[in-house]
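With TSV, C-alpha atoms inside, this is data-v4.tsv:
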chain	number	residue	atom	x	y	z
A	1	MET	CA	17.56	-14.60	0.67
A	2	SER	CA	18.09	-12.91	4.01
A	3	ASN	CA	16.15	-13.50	7.19
A	4	GLN	CA	14.67	-10.00	7.02
A	5	LYS	CA	10.92	-9.61	7.14
A	6	PHE	CA	9.54	-7.97	4.03
A	7	TRP	CA	8.93	-4.64	5.77
A	8	GLU	CA	12.54	-4.50	6.96
A	9	HIS	CA	13.85	-4.76	3.41
A	10	ASP	CA	14.90	-1.51	1.81
A	11	TYR	CA	13.19	-1.64	-1.53
A	12	VAL	CA	15.21	-0.69	-4.56
A	13	ALA	CA	13.77	0.60	-7.76
A	14	THR	CA	12.32	-2.15	-9.89
A	15	SER	CA	12.55	-1.57	-13.58
A	16	THR	CA	12.75	-3.37	-16.84
A	17	ASP	CA	14.70	-0.48	-18.37
A	18	ASP	CA	17.83	-2.59	-18.71
A	19	ILE	CA	15.94	-5.41	-20.48
A	20	GLU	CA	13.82	-3.53	-23.00
A	21	PRO	CA	12.98	0.02	-23.96
A	22	VAL	CA	10.21	1.36	-21.74
A	23	HIS	CA	7.73	4.07	-22.61
A	24	PRO	CA	8.12	7.26	-20.50
A	25	THR	CA	4.66	6.68	-19.00
A	26	ILE	CA	5.74	3.27	-17.72
A	27	LYS	CA	8.92	4.79	-16.29
A	28	GLU	CA	6.77	7.31	-14.41
A	29	ALA	CA	4.48	4.51	-13.21
A	30	HIS	CA	7.53	2.57	-11.95
A	31	ALA	CA	8.64	5.66	-10.01
A	32	VAL	CA	5.22	5.94	-8.36
A	33	LEU	CA	5.21	2.22	-7.52
A	34	ASP	CA	8.74	2.45	-6.11
A	35	LYS	CA	7.55	5.31	-3.89
A	36	LEU	CA	4.57	3.20	-2.81
A	37	LYS	CA	6.83	0.27	-1.91
A	38	SER	CA	8.98	2.54	0.23
A	39	LEU	CA	5.88	4.03	1.89
A	40	LEU	CA	4.46	0.58	2.70
A	41	ALA	CA	7.78	-0.54	4.13
A	42	GLU	CA	8.11	2.63	6.22
A	43	LYS	CA	4.57	2.39	7.59
A	44	ASN	CA	4.99	-1.29	8.37
A	45	ARG	CA	8.15	-0.51	10.32
A	46	SER	CA	6.26	2.21	12.21
A	47	TYR	CA	3.01	0.35	12.87
A	48	GLY	CA	4.06	-3.27	12.69
A	49	ASN	CA	1.91	-5.56	10.60
A	50	SER	CA	-1.23	-3.94	12.00
A	51	ALA	CA	-3.12	-3.75	8.69
A	52	LEU	CA	-3.19	-7.52	8.36
A	53	SER	CA	-3.02	-8.45	12.02
A	54	ASP	CA	-5.70	-10.52	13.72
A	55	VAL	CA	-5.21	-8.53	16.92
A	56	ASN	CA	-8.06	-6.05	17.34
A	57	LEU	CA	-8.16	-3.70	20.30
A	58	PHE	CA	-11.63	-2.19	19.96
A	59	CYS	CA	-13.57	-4.29	17.45
A	60	ASN	CA	-13.90	-7.75	16.00
A	61	LEU	CA	-13.68	-6.85	12.33
A	62	SER	CA	-11.56	-8.83	9.90
A	63	SER	CA	-8.52	-7.35	8.18
A	64	LEU	CA	-10.57	-7.09	5.00
A	65	GLN	CA	-13.33	-5.18	6.77
A	66	LEU	CA	-10.87	-2.81	8.43
A	67	LEU	CA	-9.11	-2.17	5.12
A	68	GLU	CA	-12.47	-1.57	3.43
A	69	GLY	CA	-13.12	1.11	6.05
A	70	GLN	CA	-9.78	2.79	5.39
A	71	ILE	CA	-10.38	2.69	1.62
A	72	GLU	CA	-13.87	4.12	2.11
A	73	HIS	CA	-12.42	6.93	4.25
A	74	LYS	CA	-9.88	7.89	1.56
A	75	LEU	CA	-12.51	7.78	-1.22
A	76	ARG	CA	-14.86	9.97	0.83
A	77	ARG	CA	-12.03	12.46	1.28
A	78	PHE	CA	-11.70	12.71	-2.50
A	79	LYS	CA	-15.45	13.09	-2.90
A	80	THR	CA	-15.52	15.86	-0.33
A	81	LEU	CA	-12.28	17.70	-1.10
A	82	GLY	CA	-11.62	16.69	-4.69
A	83	VAL	CA	-8.29	15.75	-6.21
A	84	ASP	CA	-5.76	18.55	-6.46
A	85	GLY	CA	-2.06	19.23	-6.04
A	86	ASP	CA	-2.30	18.51	-2.31
A	87	SER	CA	-3.82	15.06	-2.79
A	88	GLU	CA	-0.63	13.05	-3.29
A	89	ASP	CA	-0.47	11.75	0.30
A	90	THR	CA	-4.10	10.64	0.18
A	91	LEU	CA	-3.57	8.99	-3.21
A	92	MET	CA	-0.51	7.13	-1.94
A	93	ASP	CA	-2.41	6.04	1.19
A	94	LEU	CA	-5.29	4.80	-0.98
A	95	MET	CA	-2.91	2.85	-3.21
A	96	GLY	CA	-1.29	1.37	-0.12
A	97	TYR	CA	-4.62	0.29	1.37
A	98	LEU	CA	-5.71	-1.18	-1.97
A	99	THR	CA	-2.42	-3.09	-2.18
A	100	LEU	CA	-2.82	-4.45	1.35
A	101	PHE	CA	-6.46	-5.30	0.55
A	102	MET	CA	-5.26	-7.34	-2.41
A	103	VAL	CA	-2.76	-9.15	-0.17
A	104	ALA	CA	-5.53	-9.93	2.32
A	105	VAL	CA	-7.84	-11.21	-0.43
A	106	ASN	CA	-5.06	-13.42	-1.79
A	107	ARG	CA	-4.39	-14.80	1.70
A	108	GLU	CA	-8.06	-15.68	2.14
A	109	LYS	CA	-7.99	-17.65	-1.12
A	110	LYS	CA	-5.28	-19.95	0.25
Give the structure from the file, written as structure tokens.
Amino acid sequence: MSNQKFWEHDYVATSTDDIEPVHPTIKEAHAVLDKLKSLLAEKNRSYGNSALSDVNLFCNLSSLQLLEGQIEHKLRRFKTLGVDGDSEDTLMDLMGYLTLFMVAVNREKK
């Protein structure tokens, strides 16, 4: 394994296609998840590990609380604007925040 931090790694497509036949729906899901991995890596390169950082500039909220706020913001956007063809960025952001939330929850369990 290299000395790269996880956000510096260029994620490659992950698939079980070469091991077993995969339903087309699962192939599509893998493509979405691959896109999400790339998005998370790109944003982490741009913003550093800010989503899970203990460094707060303007408040004393935990990473979980800050992520809850971001998730709430994205869900309110859907409630207000609905889900349509222009919602892909918001959906990807929501999936990213939910993924980071899960990481934060798992870290707190340790």
Using all atoms listed in the file, which of A:Cys59, A:Leu64, A:Leu81, A:Asn44 sits nearest A:Arg107?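 For A:Arg107, the nearest of the candidates is A:Leu64.
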Quick one: residues within 12 Å of A:His73, all atoms listed in the file, excluding same-chain residues fewer than 3 positions away - as a PyMOL selection string? chain A and resi 66-70+76-80+90-91+93-94+97
The distance between atom CA of A:Ile71 and atom CA of A:Ile26 is 25.2 Å
If you count all atoms listed in the file, which residues fall within 10 Å of A:Ala104, apart from same-chain ones fewer than 5 positions away, as a PyMOL selection string? chain A and resi 51-52+62-64+67+98-99+109
When you draw a straight line from atom CA of A:Glu88 to atom CA of A:Ala31, how long is it in Å?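 Between atom CA of A:Glu88 and atom CA of A:Ala31 the gap works out to 13.6 Å.
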Which one of A:Leu100, A:Ala41, A:Met95, A:Leu57 sits closest to A:Lys74 if you count all atoms listed in the file?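 The shortest atom-to-atom distance to A:Lys74 comes from A:Met95.
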Could you please determine the separation between atom CA of A:Asp54 and atom CA of A:Glu72 in Å, to one decimal place?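 Distance reported for this atom pair: 20.4 Å.
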Shortest interatomic distance to A:Lys37 - which of A:Met92, A:Val105, A:Ser53, A:Ser87, counting all atoms listed in the file: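 For A:Lys37, the nearest of the candidates is A:Met92.
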